Amino acid sequence: MRLELNWFAGWLACLLLASCPFSTLQAKESTEVIQMELDPIDKQRDRAVPLRIYLAERDAPQPVVLFSHGLGGSRENNRYLGEHWAKGGFVGVFMQHAGSDIEILKSGSLSQRFGKLKDSANAKNATDRYVDVSFVIDQLQHWNTQVGHPLFGKLDLNRIGMSGHSFGAVTTLGVAGRRFLTGHHYHEPRIDAFFAMSPSLAKGISAENAFGEIRYPVLCMTGTHDDSPIDPRTTPESRQEVFKAFPSGDKFQLVFDGGHHFTFGDTPRLRARNRDPDHHSAIQKISLAFWNAYLLEDVEAKKWLKSESLKSDGTLKSSDDWQWK
C-alpha cells in the first residue's frame, strides 16, 4: 500500500508540473543571497567602476546578468531584481558609472542638481558606460580564474545578459549593437541577451537605422505614462518606437497600463509612492523567464514568453500590453 501511495504522489506531482510547466522556472525565495561590493579600477582610463554583486552559493558556475543604473543612480539601485535573479540561478553584477551616478546629486540647490542631472546625459558619459561594460566583463573573467577570490570558479561567462533602466537602457542597447550617426558601434559580442527598461530613441538618426540591425534577443519594458524627467521630447509613445524598429526574432515588449518612469526602480523618492505594487513582481517573473529562455535555452520559458499565458495566469493585467515578434 505504501508503495502504491508513493507512486500516486509522484504521478500527481508530475501531472501538476505538466499542467503548469513554467512553475519550475521561478526563483526559490528561500534561497540565501550573498551580497558583495567590489571596486575595480580600469587603469587604462584611471576610472573606478564600483560593483555590487548578488549571488547564491551553488555547486556549478552560474550565468551572469549585468545591470546599468539610470541618471543619478548607483550600484545600490534595483536590489529587488538583483536578489530575485540570484535566487533564480544567475549572478547579478550591478555597475555604477562615474559622471552620471549619484555623486552628481550630492551638492547644490534642487535646480542646480536637476541641471547637472540633465547635463550628464551626454555622449561622453554614454561612451564611458559602454566601455565600463566591456571592462567589467574582462574583470569578471580575471576574478573567475583567480584562486582565492570570492568569485573564483563561480561564473559561467559563456552566458551573459545585460540590462538597465533609462540611461542604463541606453547603455544596454548601445552594447547590443545599436548604430550611431557617426557609424560607430559599441557592440559587446560576449553578451547574449538584453533587457531594457524605459528605452529611448536615438538622437539624430532614425529608429530603423539605429536599432534595425540588432539581431540578439531583446526584452523592452515601458509604461503608458513613461515620459522623461529631463527631456520633454521623450514620450511614452516614443519609447515604444524602439521595439517597432527591431528586426523580428526573439524581441519582446511589455507596456504596463499606468506604468511611469519610476515604476522600474526601487528608491523611496520622487514618484515611488505611486508605484503599482503588482508591477515589480511581474518585472521579476518575466525578466527571469527571459534569462532562462536566452541564457539557459529553456524551451518552456520561451514558449511561455511567446504566448498570451502572461495574462491568463495572472502575471499581467488584461489592460497591460504584451507583444513579441
# chains A, B, ... in the order shown; residues from 1 in each chain; ligands from 1
>>> residues_around(residues="Glu103 in chain A", least_positions_apart="4", cutoff="9 Å", atoms="only C-alpha atoms", output="list in words")
Gly72, Gly73, Ser74, Ala98, Gly99 and Ser107 of chain A
>>> residues_around(residues="Phe211 in chain A", least_positions_apart="4", cutoff="6 Å", atoms="only C-alpha atoms", output="PDB file with C-alpha atoms, in the first residue's frame")
ATOM      1  CA  ARG A 178      22.713  49.943 -31.975  1.00  0.00           C
ATOM      2  CA  ALA A 207      14.877  54.356 -35.141  1.00  0.00           C
ATOM      3  CA  ALA A 245      12.335  49.281 -35.127  1.00  0.00           C
ATOM      4  CA  PHE A 246      13.836  45.927 -34.091  1.00  0.00           C
TER       5      PHE A 246
END
>>> select_by_dssp(residues="range 243-314 of chain A", states="strand (DSSP E)", output="ChimeraX atom specification")
/A:251-260
>>> closest_atom_pairs(of="range 250-304 of chain A", to="range 156-161 of chain A", cutoff="8 Å", atoms="only C-alpha atoms", output="CSV")
residue,atom,partner,partner_atom,distance
A:Trp291,CA,A:Gly161,CA,7.2
A:Leu295,CA,A:Arg159,CA,5.4
A:Leu296,CA,A:Arg159,CA,7.7
>>> write_last_selection(atoms="N, CA and C atoms", output="mmCIF file, in the first residue's frame")
data_model
loop_
_atom_site.group_PDB
_atom_site.id
_atom_site.type_symbol
_atom_site.label_atom_id
_atom_site.label_comp_id
_atom_site.auth_asym_id
_atom_site.auth_seq_id
_atom_site.Cartn_x
_atom_site.Cartn_y
_atom_site.Cartn_z
ATOM 1 N N TRP A 291 15.798 35.463 -19.027
ATOM 2 C CA TRP A 291 17.163 34.943 -18.822
ATOM 3 C C TRP A 291 17.186 33.424 -18.957
ATOM 4 N N LEU A 295 19.561 32.616 -21.916
ATOM 5 C CA LEU A 295 20.888 32.280 -21.393
ATOM 6 C C LEU A 295 21.001 30.787 -21.106
ATOM 7 N N LEU A 296 19.871 30.163 -20.794
ATOM 8 C CA LEU A 296 19.884 28.728 -20.493
ATOM 9 C C LEU A 296 19.165 27.895 -21.553
#
>>> residues_around(residues="Gly265 in chain A", least_positions_apart="3", cutoff="7 Å", atoms="only C-alpha atoms", output="list of chain:residue names")
A:Asn77, A:Asn78, A:Phe262
>>> write_last_selection(atoms="all heavy atoms", output="compact mmCIF listing (two decimals), in the first residue's frame")
# COMPACT_ATOMS: atom_id res chain seq x y z
N ASN A 77 20.93 50.53 -6.75
CA ASN A 77 19.60 50.54 -7.35
C ASN A 77 19.14 49.15 -7.76
O ASN A 77 19.95 48.28 -8.07
CB ASN A 77 19.58 51.44 -8.58
CG ASN A 77 19.71 52.92 -8.25
OD1 ASN A 77 20.17 53.70 -9.06
ND2 ASN A 77 19.32 53.31 -7.05
N ASN A 78 17.81 48.97 -7.76
CA ASN A 78 17.16 47.76 -8.27
C ASN A 78 17.59 46.48 -7.56
O ASN A 78 17.75 45.43 -8.18
CB ASN A 78 17.36 47.64 -9.78
CG ASN A 78 16.63 48.75 -10.54
OD1 ASN A 78 17.09 49.89 -10.56
ND2 ASN A 78 15.51 48.42 -11.14
N PHE A 262 9.26 55.74 -12.96
CA PHE A 262 9.82 55.23 -11.71
C PHE A 262 9.20 53.90 -11.30
O PHE A 262 9.48 53.38 -10.23
CB PHE A 262 9.66 56.29 -10.61
CG PHE A 262 10.32 57.59 -10.97
CD1 PHE A 262 9.56 58.65 -11.45
CD2 PHE A 262 11.70 57.73 -10.89
CE1 PHE A 262 10.18 59.84 -11.82
CE2 PHE A 262 12.32 58.92 -11.26
CZ PHE A 262 11.55 59.98 -11.73
>>> closest_atom_pairs(of="range 186-281 of chain A", to="range 165-171 of chain A", cutoff="12 Å", atoms="only C-alpha atoms", output="CSV")
residue,atom,partner,partner_atom,distance
A:Tyr186,CA,A:Thr171,CA,9.6
A:His187,CA,A:Thr171,CA,10.5
A:Glu188,CA,A:Thr171,CA,11.0
A:Phe194,CA,A:Ala169,CA,9.2
A:Phe195,CA,A:Ala169,CA,7.7
A:Ala196,CA,A:Ala169,CA,4.6
A:Met197,CA,A:His165,CA,4.6
A:Ser198,CA,A:Ser166,CA,5.1
A:Pro199,CA,A:Ala169,CA,5.3
A:Ser200,CA,A:Val170,CA,7.0
A:Leu201,CA,A:Val170,CA,8.8
A:Ala202,CA,A:Val170,CA,8.6
A:Lys203,CA,A:Val170,CA,11.4
A:Ala210,CA,A:Val170,CA,11.6
A:Phe211,CA,A:Val170,CA,11.5
A:Val218,CA,A:Ala169,CA,11.2
A:Leu219,CA,A:Ala169,CA,10.7
A:Cys220,CA,A:Ala169,CA,8.9
A:Met221,CA,A:His165,CA,9.3
A:Thr222,CA,A:His165,CA,9.8
A:Asp226,CA,A:Ser166,CA,10.1
A:Asp227,CA,A:Ser166,CA,10.4
A:Ser228,CA,A:Ser166,CA,8.7
A:Pro229,CA,A:Ser166,CA,10.3
A:Ile230,CA,A:Ser166,CA,11.1
A:Asp231,CA,A:Ser166,CA,11.7
A:Thr234,CA,A:Ser166,CA,11.0
A:Arg239,CA,A:Ser166,CA,10.2
A:Val242,CA,A:Val170,CA,11.0
A:His260,CA,A:Ser166,CA,11.5
A:His261,CA,A:Ser166,CA,8.1
A:Phe262,CA,A:His165,CA,9.5
A:Thr263,CA,A:His165,CA,10.3
A:Phe264,CA,A:His165,CA,7.3
A:Gly265,CA,A:His165,CA,8.0
A:Asp266,CA,A:His165,CA,11.5
>>> select_by_dssp(residues="range 141-307 of chain A", states="helix (DSSP H, G or I)", output="VMD selection string")
chain A and resid 141 to 144 167 to 176 207 to 211 236 to 245 272 to 274 277 to 295 299 to 305
>>> closest_atom_pairs(of="range 183-281 of chain A", to="range 59-63 of chain A", cutoff="12 Å", atoms="only C-alpha atoms", output="tab-separated table")
residue	atom	partner	partner_atom	distance
A:Ile191	CA	A:Pro63	CA	10.8
A:Asp192	CA	A:Pro63	CA	10.6
A:Ala193	CA	A:Pro63	CA	11.6
>>> write_last_selection(atoms="C-alpha atoms", output="JSON list (two decimals), in the first residue's frame")
[["chain", "number", "residue", "atom", "x", "y", "z"],
["A", 191, "ILE", "CA", 26.68, 39.32, -24.24],
["A", 192, "ASP", "CA", 23.86, 37.01, -25.37],
["A", 193, "ALA", "CA", 20.60, 38.76, -24.41]]
>>> closest_residue(among="A:Leu55, A:Leu81, A:Asn125, A:Arg233", to="Lys285 in chain A", atoms="only C-alpha atoms")
A:Leu81
>>> residues_around(residues="Ala289 in chain A", least_positions_apart="3", cutoff="12 Å", atoms="only C-alpha atoms", output="ChimeraX atom specification")
/A:21-27,84-85,88-90,195,219,252,282-286,292-306,310,315
>>> write_last_selection(atoms="N, CA, C and O atoms", output="short mmCIF file (atom, residue, chain, number, x, y, z; two decimals), in the first residue's frame")
data_model
loop_
_atom_site.label_atom_id
_atom_site.label_comp_id
_atom_site.auth_asym_id
_atom_site.auth_seq_id
_atom_site.Cartn_x
_atom_site.Cartn_y
_atom_site.Cartn_z
N PRO A 21 3.96 24.21 -16.58
CA PRO A 21 5.38 23.94 -16.79
C PRO A 21 6.29 25.07 -16.36
O PRO A 21 7.42 24.83 -15.98
N PHE A 22 5.80 26.30 -16.38
CA PHE A 22 6.68 27.40 -16.06
C PHE A 22 6.96 27.50 -14.56
O PHE A 22 7.88 28.18 -14.13
N SER A 23 6.20 26.76 -13.73
CA SER A 23 6.39 26.85 -12.28
C SER A 23 7.78 26.42 -11.85
O SER A 23 8.29 26.86 -10.83
N THR A 24 8.42 25.58 -12.63
CA THR A 24 9.75 25.10 -12.26
C THR A 24 10.83 26.13 -12.53
O THR A 24 11.98 25.94 -12.14
N LEU A 25 10.48 27.24 -13.19
CA LEU A 25 11.48 28.23 -13.57
C LEU A 25 11.52 29.42 -12.62
O LEU A 25 12.25 30.37 -12.84
N GLN A 26 10.72 29.39 -11.58
CA GLN A 26 10.65 30.54 -10.68
C GLN A 26 11.78 30.54 -9.66
O GLN A 26 12.35 29.51 -9.33
N ALA A 27 12.10 31.73 -9.16
CA ALA A 27 13.14 31.85 -8.15
C ALA A 27 12.69 31.18 -6.86
O ALA A 27 11.52 31.22 -6.50
N HIS A 84 16.36 38.74 -6.78
CA HIS A 84 15.47 37.77 -7.45
C HIS A 84 16.24 36.95 -8.48
O HIS A 84 16.08 35.73 -8.57
N TRP A 85 17.07 37.60 -9.27
CA TRP A 85 17.84 36.87 -10.27
C TRP A 85 18.82 35.90 -9.61
O TRP A 85 19.03 34.79 -10.10
N GLY A 88 17.14 32.90 -8.61
CA GLY A 88 16.76 32.13 -9.78
C GLY A 88 17.93 31.46 -10.48
O GLY A 88 17.73 30.80 -11.51
N GLY A 89 19.15 31.64 -9.98
CA GLY A 89 20.29 30.93 -10.55
C GLY A 89 21.23 31.76 -11.39
O GLY A 89 22.03 31.21 -12.15
N PHE A 90 21.18 33.08 -11.25
CA PHE A 90 22.05 33.97 -12.01
C PHE A 90 22.83 34.87 -11.06
O PHE A 90 22.34 35.23 -9.99
N PHE A 195 18.00 43.30 -21.82
CA PHE A 195 16.74 43.69 -21.18
C PHE A 195 16.80 45.19 -20.89
O PHE A 195 17.58 45.63 -20.06
N LEU A 219 14.38 42.21 -24.61
CA LEU A 219 13.13 42.44 -23.88
C LEU A 219 13.08 43.92 -23.50
O LEU A 219 14.01 44.43 -22.86
N PHE A 252 10.69 41.25 -27.55
CA PHE A 252 9.51 41.31 -26.69
C PHE A 252 9.33 42.73 -26.16
O PHE A 252 10.30 43.45 -25.93
N ALA A 282 5.78 41.34 -11.52
CA ALA A 282 5.71 41.00 -12.95
C ALA A 282 7.07 41.19 -13.62
O ALA A 282 7.49 40.35 -14.43
N ILE A 283 7.76 42.27 -13.28
CA ILE A 283 9.09 42.51 -13.84
C ILE A 283 10.04 41.38 -13.45
O ILE A 283 10.82 40.88 -14.27
N GLN A 284 9.99 40.99 -12.19
CA GLN A 284 10.84 39.90 -11.72
C GLN A 284 10.57 38.61 -12.49
O GLN A 284 11.49 37.96 -13.00
N LYS A 285 9.31 38.23 -12.59
CA LYS A 285 8.96 36.95 -13.19
C LYS A 285 9.29 36.91 -14.67
O LYS A 285 9.88 35.94 -15.17
N ILE A 286 8.94 37.98 -15.39
CA ILE A 286 9.14 38.00 -16.84
C ILE A 286 10.63 38.09 -17.17
O ILE A 286 11.12 37.41 -18.08
N ASN A 292 16.17 32.75 -18.40
CA ASN A 292 16.11 31.30 -18.56
C ASN A 292 16.01 30.91 -20.03
O ASN A 292 16.66 29.95 -20.48
N ALA A 293 15.22 31.64 -20.78
CA ALA A 293 15.00 31.31 -22.18
C ALA A 293 16.24 31.52 -23.02
O ALA A 293 16.59 30.66 -23.85
N TYR A 294 16.95 32.64 -22.79
CA TYR A 294 18.00 33.01 -23.74
C TYR A 294 19.43 32.89 -23.19
O TYR A 294 20.38 33.02 -23.96
N LEU A 295 19.56 32.62 -21.92
CA LEU A 295 20.89 32.28 -21.39
C LEU A 295 21.00 30.79 -21.11
O LEU A 295 22.09 30.23 -21.17
N LEU A 296 19.87 30.16 -20.79
CA LEU A 296 19.88 28.73 -20.49
C LEU A 296 19.16 27.89 -21.55
O LEU A 296 19.08 26.68 -21.41
N GLU A 297 18.64 28.56 -22.59
CA GLU A 297 17.95 27.87 -23.69
C GLU A 297 16.81 27.00 -23.17
O GLU A 297 16.61 25.87 -23.64
N ASP A 298 16.04 27.53 -22.23
CA ASP A 298 14.92 26.79 -21.67
C ASP A 298 13.71 26.89 -22.60
O ASP A 298 13.15 27.96 -22.81
N VAL A 299 13.30 25.76 -23.15
CA VAL A 299 12.23 25.71 -24.14
C VAL A 299 10.90 26.16 -23.54
O VAL A 299 10.13 26.89 -24.17
N GLU A 300 10.62 25.73 -22.32
CA GLU A 300 9.34 26.09 -21.69
C GLU A 300 9.27 27.59 -21.42
O GLU A 300 8.20 28.20 -21.54
N ALA A 301 10.37 28.19 -21.03
CA ALA A 301 10.38 29.64 -20.80
C ALA A 301 10.12 30.39 -22.10
O ALA A 301 9.35 31.36 -22.12
N LYS A 302 10.72 29.95 -23.19
CA LYS A 302 10.49 30.60 -24.49
C LYS A 302 9.02 30.46 -24.90
O LYS A 302 8.40 31.41 -25.40
N LYS A 303 8.49 29.27 -24.69
CA LYS A 303 7.10 29.03 -25.05
C LYS A 303 6.17 29.94 -24.26
O LYS A 303 5.20 30.49 -24.80
N TRP A 304 6.45 30.12 -22.99
CA TRP A 304 5.63 30.97 -22.13
C TRP A 304 5.71 32.43 -22.58
O TRP A 304 4.69 33.12 -22.66
N LEU A 305 6.92 32.89 -22.90
CA LEU A 305 7.09 34.28 -23.32
C LEU A 305 6.36 34.57 -24.63
O LEU A 305 5.84 35.67 -24.83
N LYS A 306 6.33 33.59 -25.52
CA LYS A 306 5.69 33.78 -26.82
C LYS A 306 4.24 33.28 -26.77
O LYS A 306 3.81 32.48 -27.59
N LEU A 310 0.82 35.02 -20.12
CA LEU A 310 1.21 36.01 -19.12
C LEU A 310 0.00 36.75 -18.57
O LEU A 310 0.03 37.24 -17.44
N THR A 315 0.05 36.93 -14.34
CA THR A 315 1.31 37.68 -14.29
C THR A 315 1.07 39.14 -14.65
O THR A 315 1.62 40.05 -14.03
#
>>> residues_around(residues="Gln141 in chain A", least_positions_apart="2", cutoff="12 Å", atoms="only C-alpha atoms", output="PyMOL selection string")
chain A and resi 64+134-139+143-146+149+151-158+160+190
>>> closest_residue(among="A:Gly108, A:Gly115, A:Gly212, A:Gly70", to="Phe243 in chain A", atoms="only C-alpha atoms")
A:Gly212
>>> closest_residue(among="A:Ala48, A:Leu316, A:Ile205, A:Leu173", to="Leu254 in chain A", atoms="only C-alpha atoms")
A:Leu316
>>> atom_distance(atom1="CA of Glu83 in chain A", atom2="CA of Tyr54 in chain A")
6.2 Å
>>> decode(residues="range 204-218 of chain A", atoms="N, CA, C and O atoms", output="compact mmCIF listing (two decimals), in the first residue's frame")
# COMPACT_ATOMS: atom_id res chain seq x y z
N GLY A 204 19.25 62.16 -33.68
CA GLY A 204 19.94 62.43 -34.93
C GLY A 204 19.96 61.30 -35.93
O GLY A 204 20.60 61.41 -36.98
N ILE A 205 19.29 60.20 -35.62
CA ILE A 205 19.27 59.04 -36.50
C ILE A 205 17.92 58.35 -36.34
O ILE A 205 17.35 58.34 -35.24
N SER A 206 17.38 57.82 -37.41
CA SER A 206 16.07 57.19 -37.34
C SER A 206 16.11 55.93 -36.48
O SER A 206 17.17 55.30 -36.31
N ALA A 207 14.96 55.57 -35.96
CA ALA A 207 14.88 54.36 -35.14
C ALA A 207 15.29 53.13 -35.95
O ALA A 207 16.00 52.25 -35.45
N GLU A 208 14.87 53.07 -37.20
CA GLU A 208 15.21 51.92 -38.04
C GLU A 208 16.71 51.80 -38.26
O GLU A 208 17.28 50.70 -38.20
N ASN A 209 17.37 52.92 -38.50
CA ASN A 209 18.81 52.88 -38.71
C ASN A 209 19.57 52.60 -37.42
O ASN A 209 20.62 51.96 -37.43
N ALA A 210 19.04 53.08 -36.31
CA ALA A 210 19.72 52.87 -35.03
C ALA A 210 19.55 51.45 -34.51
O ALA A 210 20.52 50.82 -34.06
N PHE A 211 18.35 50.91 -34.57
CA PHE A 211 18.04 49.64 -33.91
C PHE A 211 17.72 48.49 -34.86
O PHE A 211 17.53 47.36 -34.42
N GLY A 212 17.67 48.78 -36.15
CA GLY A 212 17.19 47.80 -37.10
C GLY A 212 18.11 46.63 -37.38
O GLY A 212 17.71 45.68 -38.05
N GLU A 213 19.34 46.70 -36.86
CA GLU A 213 20.29 45.60 -37.09
C GLU A 213 20.57 44.78 -35.84
O GLU A 213 21.47 43.94 -35.84
N ILE A 214 19.84 45.03 -34.76
CA ILE A 214 20.06 44.26 -33.52
C ILE A 214 19.40 42.90 -33.65
O ILE A 214 18.17 42.79 -33.67
N ARG A 215 20.21 41.86 -33.77
CA ARG A 215 19.70 40.51 -34.02
C ARG A 215 19.59 39.67 -32.74
O ARG A 215 19.09 38.55 -32.79
N TYR A 216 20.06 40.19 -31.64
CA TYR A 216 20.05 39.42 -30.40
C TYR A 216 18.67 39.47 -29.75
O TYR A 216 17.87 40.36 -30.02
N PRO A 217 18.37 38.54 -28.84
CA PRO A 217 17.12 38.62 -28.08
C PRO A 217 17.09 39.89 -27.22
O PRO A 217 18.07 40.22 -26.56
N VAL A 218 15.96 40.60 -27.28
CA VAL A 218 15.80 41.83 -26.51
C VAL A 218 14.42 41.85 -25.88
O VAL A 218 13.41 41.58 -26.54
